[in-house]
Each structure stands twice: as C-alpha cells, then as structure tokens.
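Colleague: Handing you a structure now.
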Amino acid sequence: MRDSFLPFSRPSITALEIEKVTEVLESGWITTGPKIEEFEKAFAELVDAAYAVSFGSATSAFHALYFALGYGPGDEIIFPSLTWPSPLNVLENMQGEAVMVDVDRATLQMDVEATRKSITPKTKAIVVVHFAGQPVELDGFRVLAQKHNLTLIEDAAHAIHTQYGDAQVGSSENPAVFSFHAAKNITTAEGGMVTTHDLELVKKLKSIRFHGLDRDAWKRHGGKPGGYDIEQPGWKSNLTDIQAAIGLGQLERLKEIQAQREHLAHLYIEQLQNVSELILPQRVSYPHRHGWHLFQVMVDQKTARIDRDTFREELRQRNIGTGFHFRAVHTLSYFKKKYPQYLGNLPHSEWVSDSTVSLPFFPDMNEKDVHDVVSAIADVFDRS
C-alpha cells in the first residue's frame, strides 16, 4: 500500500505560473486589466474562436449567457441529466424550466434522438456537454437546433484541447462555455470563458459581467475624463489579472500537460482492460481528439460483488483518492421533487450515476502512481 495519499486531482502549478503572478502583483494592477485581454486573446486563438470573454466561473458565464440571450420565466432548455448541476441551477434561478435527457450508456455522451423527442414550443436552447473530454455528436444537435430555431450551447467545461472532427471545441458559430476550476485541464483556480463569433454577444457579455457598465475599470484607467453609463443591470463576475496570469502560464504548458494526461490514460487502459469487475467508457465512433479531462470506470456490481461506494471506500483505505462524476441531476432532491417525471425514465444516466468512479488523474502523476492505483484495485478484488 502507498505510504502517502494519492488524491483524485491536483492542479499542476510550476515556477512559470508563480513568476507570472508575481509580475502582476508587482505591477500595481491586480484586478481585471491587461492580462485579462491577453488571456482572452490567447484562449480564442487556442480554440479558433473569434472572441473569448472571461468570467469568475463557468457558472457565472452561463448566467451571463442566458441573460444576454434573453431567457427567462417559462423558457425551456434541454440538458443531459448526467452533468454537473450548475447550468441547470442558473436556469432554475431565472425561473426557467430544465428538460433532462438520457445519455449513451457506452460513451456517456448526450443522446441526439432523446433530445429530438424532448423539444416543445417552449424550448429555447439545447446545452450539450462534451463529457469527460470526448466531444458530443455536434452535427446531430446542429441539425436539431437549426430545424427548430434553437440556440445550441456547448458546455465545454471538460473539453479544453478536444476536437470534433478536425475542429476545435469552441470554434463553432454557437457559444461554448469553458471552466478553469482547479480540477480542470488548465486552471485559474476558479474561472470560466465563453467563446463566440458574435461581436454583439461579446459586448453584452462584457457589460453584464461588470455591473452593466459600458466600460470596465481598465478601459477607464488613464482614459479621457468622463463618467460611465449603464444600459442594463449586470452583475460582478469578472476574472482578475492574477487569475489570468495563472491561465497564461497554463496555456504555455498546455501541450506538455495534455501529453501527460494522454500518456496516463493509455497506461490505465492497458492495465485495466482485463479487469472484469470494471467497465471502461468507450470512445465515440466519429473522428475526434479526446481532451482526457477524466478517467472513469464503472463498477460492474454483478462481477465485483460490491457497490460503487464500497469500492471507493476500499480504495481510500489503501491511500487512493477518487472522484464521482456525476450523480444524475434528476436524482438530486430539488430536481427530483420538481421534475418527478424523470425518475426511472433516464436509465442510462441512473446506471452511470450508481456505478461511476473517477480514478486519480492529473498531469503531475507518474507511472508509479498509476501502478499503485491498479495494484490497489487488484487488492480490492483479491487479485493478488
């Protein structure tokens, strides 16, 4: 057994990021300023988008995006139930209606046909999730959105470095929302980004994220004397230059970060493919590049003879941390009470919700760490 605890995730921070943060701290400008502009431009170039707008979190990015697109009471948006609940929470707090659909049990990606059947006259948008770093089948959802005059929004929180065909996730005409939470492939500690090709949407998002002002503090700094104006009320959800400095360092290291994540994933696949008690998610069949945000397994309770929670506890006792992605949203208390029609009717999401375990997976891991995880799994299943 390991002497020290191996966590599920840990951000990869080096001297480069520390140096960039120190420069900002010494500059005299630490809130939203020149580093934000630099970070947004660099991120837009990374994903082949015309524009990128940063936020304090992906959740606040969704809030601003829904508001900018005019969604409100009674409007329906379709989501997969197998996701983190924040985009649905935002809609609920805006008095909209969440519509939840099932996923493909093998790939964990949102189901196109289930989505088609869920569209009603009140539907305004479809939020697709690129789950765990694999791209969803965008072409199918684009056809649906165009046919029914809906906005397609990509939840790309897991999808930095992901490609659908030859295109980067985030490069489409429709908006995409990325996350820079500490567990993501690149981090700013907390943070989010919306990518788009729509300049008018960019103007709205930048105003909404900073009180509804026509110019943020950096634009007013050193400029011509004068006041400011508010054309619509906004919020305070801007990223800071300190966080942007971390993000810029992470972007410089992205190739090495992703190469290591891919290497670790292949080691896991090689060493776990014959463990009958576990089921590995399948790759999607269409051309893509996997972003490798998570490495998940499903506990097959028939062969394992233990449930998922017991498996996680057994690993914890062997100094192996795990994650849980995700509990199906429609099984959470608030949503179960408001939307009882989904319980029992999204079987693949419920199966994954009961079976999934995310193994330790972060770029500062090494091959011995993977071996320790695999050895602990073998010990749990008495394969020594």
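Residues are referred to by chain and number: the chain letter is A, B, ... according to the order shown in the structure tokens, the number counts from 1 in that chain, and ligands are numbered separately from 1 in the order shown.
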Contacts of Ser353 (chain A) at 9 Å or less, counting only C-alpha atoms, minus same-chain residues fewer than 5 places along, as a list of chain:residue names?
Modeller: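 Within the cut-off, the hits are A:Leu82, A:Phe324, A:His325, A:Phe326, A:Arg327, A:Ala328, A:Thr331, A:His348.
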Colleague: Please provide the set of residues having any atom within 10 Å of Leu88 (chain A), restricted to only C-alpha atoms, with same-chain residues fewer than 6 positions apart removed, written as JSON, numbers by chain.
Modeller: {"A": [59, 62, 77, 78, 79, 80, 81, 94, 96, 97, 98, 99, 100, 127, 329, 335]}
Colleague: Take the selection from the previous step and output its residues with N, CA and C atoms, as a PDB file, in the first residue's frame.
Modeller:
ATOM      1  N   THR A  59     -20.039  28.880 -14.108  1.00  0.00           N
ATOM      2  CA  THR A  59     -21.426  29.103 -13.693  1.00  0.00           C
ATOM      3  C   THR A  59     -21.855  30.535 -13.977  1.00  0.00           C
ATOM      4  N   PHE A  62     -22.431  30.976 -17.658  1.00  0.00           N
ATOM      5  CA  PHE A  62     -23.752  30.524 -18.079  1.00  0.00           C
ATOM      6  C   PHE A  62     -24.830  31.545 -17.708  1.00  0.00           C
ATOM      7  N   ILE A  77     -34.864  24.801 -21.530  1.00  0.00           N
ATOM      8  CA  ILE A  77     -33.568  24.455 -22.092  1.00  0.00           C
ATOM      9  C   ILE A  77     -33.336  22.975 -21.824  1.00  0.00           C
ATOM     10  N   ILE A  78     -32.836  22.265 -22.840  1.00  0.00           N
ATOM     11  CA  ILE A  78     -32.618  20.824 -22.727  1.00  0.00           C
ATOM     12  C   ILE A  78     -31.172  20.556 -22.339  1.00  0.00           C
ATOM     13  N   PHE A  79     -30.987  19.673 -21.358  1.00  0.00           N
ATOM     14  CA  PHE A  79     -29.676  19.284 -20.853  1.00  0.00           C
ATOM     15  C   PHE A  79     -29.599  17.762 -20.735  1.00  0.00           C
ATOM     16  N   PRO A  80     -28.397  17.195 -20.730  1.00  0.00           N
ATOM     17  CA  PRO A  80     -28.268  15.815 -20.267  1.00  0.00           C
ATOM     18  C   PRO A  80     -28.389  15.799 -18.746  1.00  0.00           C
ATOM     19  N   SER A  81     -28.994  14.777 -18.200  1.00  0.00           N
ATOM     20  CA  SER A  81     -29.058  14.675 -16.746  1.00  0.00           C
ATOM     21  C   SER A  81     -27.695  14.342 -16.145  1.00  0.00           C
ATOM     22  N   MET A  94     -33.429  31.624 -12.706  1.00  0.00           N
ATOM     23  CA  MET A  94     -34.020  32.598 -13.629  1.00  0.00           C
ATOM     24  C   MET A  94     -35.467  32.239 -13.949  1.00  0.00           C
ATOM     25  N   GLY A  96     -36.636  29.576 -15.293  1.00  0.00           N
ATOM     26  CA  GLY A  96     -36.826  28.775 -16.489  1.00  0.00           C
ATOM     27  C   GLY A  96     -37.126  27.338 -16.121  1.00  0.00           C
ATOM     28  N   GLU A  97     -37.256  26.491 -17.145  1.00  0.00           N
ATOM     29  CA  GLU A  97     -37.611  25.086 -16.946  1.00  0.00           C
ATOM     30  C   GLU A  97     -36.521  24.192 -17.542  1.00  0.00           C
ATOM     31  N   ALA A  98     -35.957  23.332 -16.709  1.00  0.00           N
ATOM     32  CA  ALA A  98     -34.942  22.390 -17.180  1.00  0.00           C
ATOM     33  C   ALA A  98     -35.611  21.136 -17.737  1.00  0.00           C
ATOM     34  N   VAL A  99     -35.192  20.746 -18.928  1.00  0.00           N
ATOM     35  CA  VAL A  99     -35.647  19.495 -19.542  1.00  0.00           C
ATOM     36  C   VAL A  99     -34.426  18.586 -19.616  1.00  0.00           C
ATOM     37  N   MET A 100     -34.548  17.376 -19.073  1.00  0.00           N
ATOM     38  CA  MET A 100     -33.396  16.482 -18.985  1.00  0.00           C
ATOM     39  C   MET A 100     -33.571  15.252 -19.861  1.00  0.00           C
ATOM     40  N   VAL A 127     -28.347  22.613 -24.439  1.00  0.00           N
ATOM     41  CA  VAL A 127     -26.992  22.659 -23.880  1.00  0.00           C
ATOM     42  C   VAL A 127     -26.413  21.252 -23.968  1.00  0.00           C
ATOM     43  N   VAL A 329     -28.585  14.528 -12.388  1.00  0.00           N
ATOM     44  CA  VAL A 329     -29.225  15.716 -11.801  1.00  0.00           C
ATOM     45  C   VAL A 329     -30.657  15.416 -11.379  1.00  0.00           C
ATOM     46  N   PHE A 335     -34.401  18.708  -7.799  1.00  0.00           N
ATOM     47  CA  PHE A 335     -34.868  18.367  -9.136  1.00  0.00           C
ATOM     48  C   PHE A 335     -35.814  17.166  -9.116  1.00  0.00           C
TER      49      PHE A 335
END
Colleague: Tell me which protein, DNA and RNA residues are within 7 Å of region 26-34 of chain A, counting only C-alpha atoms, leaving out same-chain ones fewer than 4 positions away, and put them as a PDB file with C-alpha atoms, in the first residue's frame.
Modeller:
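Result file is selection_3.pdb:
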ATOM      1  CA  THR A  22       4.431  37.816  -9.133  1.00  0.00           C
ATOM      2  CA  GLU A  38      -4.050  38.895 -23.187  1.00  0.00           C
ATOM      3  CA  TRP A 218      -9.247  49.075 -17.092  1.00  0.00           C
ATOM      4  CA  ASN A 238     -15.197  39.281 -13.772  1.00  0.00           C
ATOM      5  CA  LEU A 239     -11.900  37.384 -13.674  1.00  0.00           C
ATOM      6  CA  THR A 240      -8.804  39.107 -12.265  1.00  0.00           C
ATOM      7  CA  ASP A 241      -5.372  39.709 -13.764  1.00  0.00           C
ATOM      8  CA  ILE A 242      -3.914  37.488 -11.032  1.00  0.00           C
TER       9      ILE A 242
END
Colleague: Please list as a list in words every residue within 7 Å of Pro360 (chain A), counting only C-alpha atoms and excluding residues in the same chain fewer than 2 positions away.
Modeller: Pro7, Phe8, Ser9, Gly321, Thr322, Ser358 and Phe362 of chain A
Colleague: What is the distance between CA of Asp48 (chain A) and CA of Asp155 (chain A), in Å to one decimal?
Modeller: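 Distance between the two atoms: 16.6 Å.
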Colleague: Leaving out Thr196 (chain A) and any residue of its chain fewer than 5 positions from it, which residues lie within 7 Å of it when counting only C-alpha atoms, given as a PyMOL selection string?
Modeller: chain A and resi 49-52+173-176
Colleague: Could you give me, as a ChimeraX atom specification, the residues within 9 Å of Pro287 (chain A), counting only C-alpha atoms and dropping anything in the same chain fewer than 4 positions from it?
Modeller: /A:163-166
Colleague: If you take only C-alpha atoms and a cut-off of 12 Å, which residues of region 290-322 of chain A touch region 130-148 of chain A, and what are their nearest atom pairs and distances in Å to one decimal, in chain and number order, as a Markdown table?
Modeller:
| residue | atom | partner | partner_atom | distance |
| --- | --- | --- | --- | --- |
| A:His290 | CA | A:Gln134 | CA | 4.9 |
| A:Gly291 | CA | A:Gly133 | CA | 4.2 |
| A:Trp292 | CA | A:Gly133 | CA | 4.9 |
| A:His293 | CA | A:Gly133 | CA | 5.0 |
| A:Leu294 | CA | A:Ala132 | CA | 5.0 |
| A:Phe295 | CA | A:Ala132 | CA | 7.5 |
| A:Gln296 | CA | A:Ala132 | CA | 8.2 |
| A:Val297 | CA | A:Ala132 | CA | 11.6 |
Colleague: Got time to write the residues from that selection, N, CA and C atoms, as a JSON list (two decimals), in the first residue's frame?
Modeller:
[["chain", "number", "residue", "atom", "x", "y", "z"],
["A", 290, "HIS", "N", -9.57, 13.28, -28.09],
["A", 290, "HIS", "CA", -10.02, 13.21, -26.70],
["A", 290, "HIS", "C", -9.22, 14.23, -25.87],
["A", 291, "GLY", "N", -9.93, 15.03, -25.09],
["A", 291, "GLY", "CA", -9.26, 16.00, -24.22],
["A", 291, "GLY", "C", -8.78, 15.43, -22.91],
["A", 292, "TRP", "N", -9.22, 14.19, -22.57],
["A", 292, "TRP", "CA", -8.79, 13.49, -21.36],
["A", 292, "TRP", "C", -8.87, 14.37, -20.11],
["A", 293, "HIS", "N", -10.11, 14.79, -19.82],
["A", 293, "HIS", "CA", -10.30, 15.51, -18.55],
["A", 293, "HIS", "C", -10.44, 14.53, -17.38],
["A", 294, "LEU", "N", -11.20, 13.46, -17.59],
["A", 294, "LEU", "CA", -11.41, 12.46, -16.53],
["A", 294, "LEU", "C", -10.99, 11.09, -17.04],
["A", 295, "PHE", "N", -10.62, 10.22, -16.09],
["A", 295, "PHE", "CA", -10.51, 8.80, -16.42],
["A", 295, "PHE", "C", -11.46, 8.06, -15.50],
["A", 296, "GLN", "N", -12.56, 7.60, -16.09],
["A", 296, "GLN", "CA", -13.63, 6.96, -15.32],
["A", 296, "GLN", "C", -13.68, 5.46, -15.56],
["A", 297, "VAL", "N", -14.16, 4.76, -14.56],
["A", 297, "VAL", "CA", -14.54, 3.36, -14.68],
["A", 297, "VAL", "C", -15.92, 3.19, -14.06]]
Colleague: Excluding same-chain residues fewer than 4 positions from Val21 (chain A), what lies within 9 Å of it counting only C-alpha atoms, as a CSV table (one decimal) with C-alpha atoms, in the first residue's frame?
Modeller:
chain,number,residue,atom,x,y,z
A,16,LEU,CA,6.3,29.7,-14.6
A,17,GLU,CA,2.8,30.4,-13.2
A,25,LEU,CA,1.3,41.6,-8.0
A,26,GLU,CA,4.2,43.9,-8.6
A,241,ASP,CA,-5.4,39.7,-13.8
A,242,ILE,CA,-3.9,37.5,-11.0
A,243,GLN,CA,-6.0,34.6,-12.3
A,244,ALA,CA,-5.3,35.4,-15.9
A,245,ALA,CA,-1.6,35.3,-15.2
A,246,ILE,CA,-2.0,31.7,-14.0
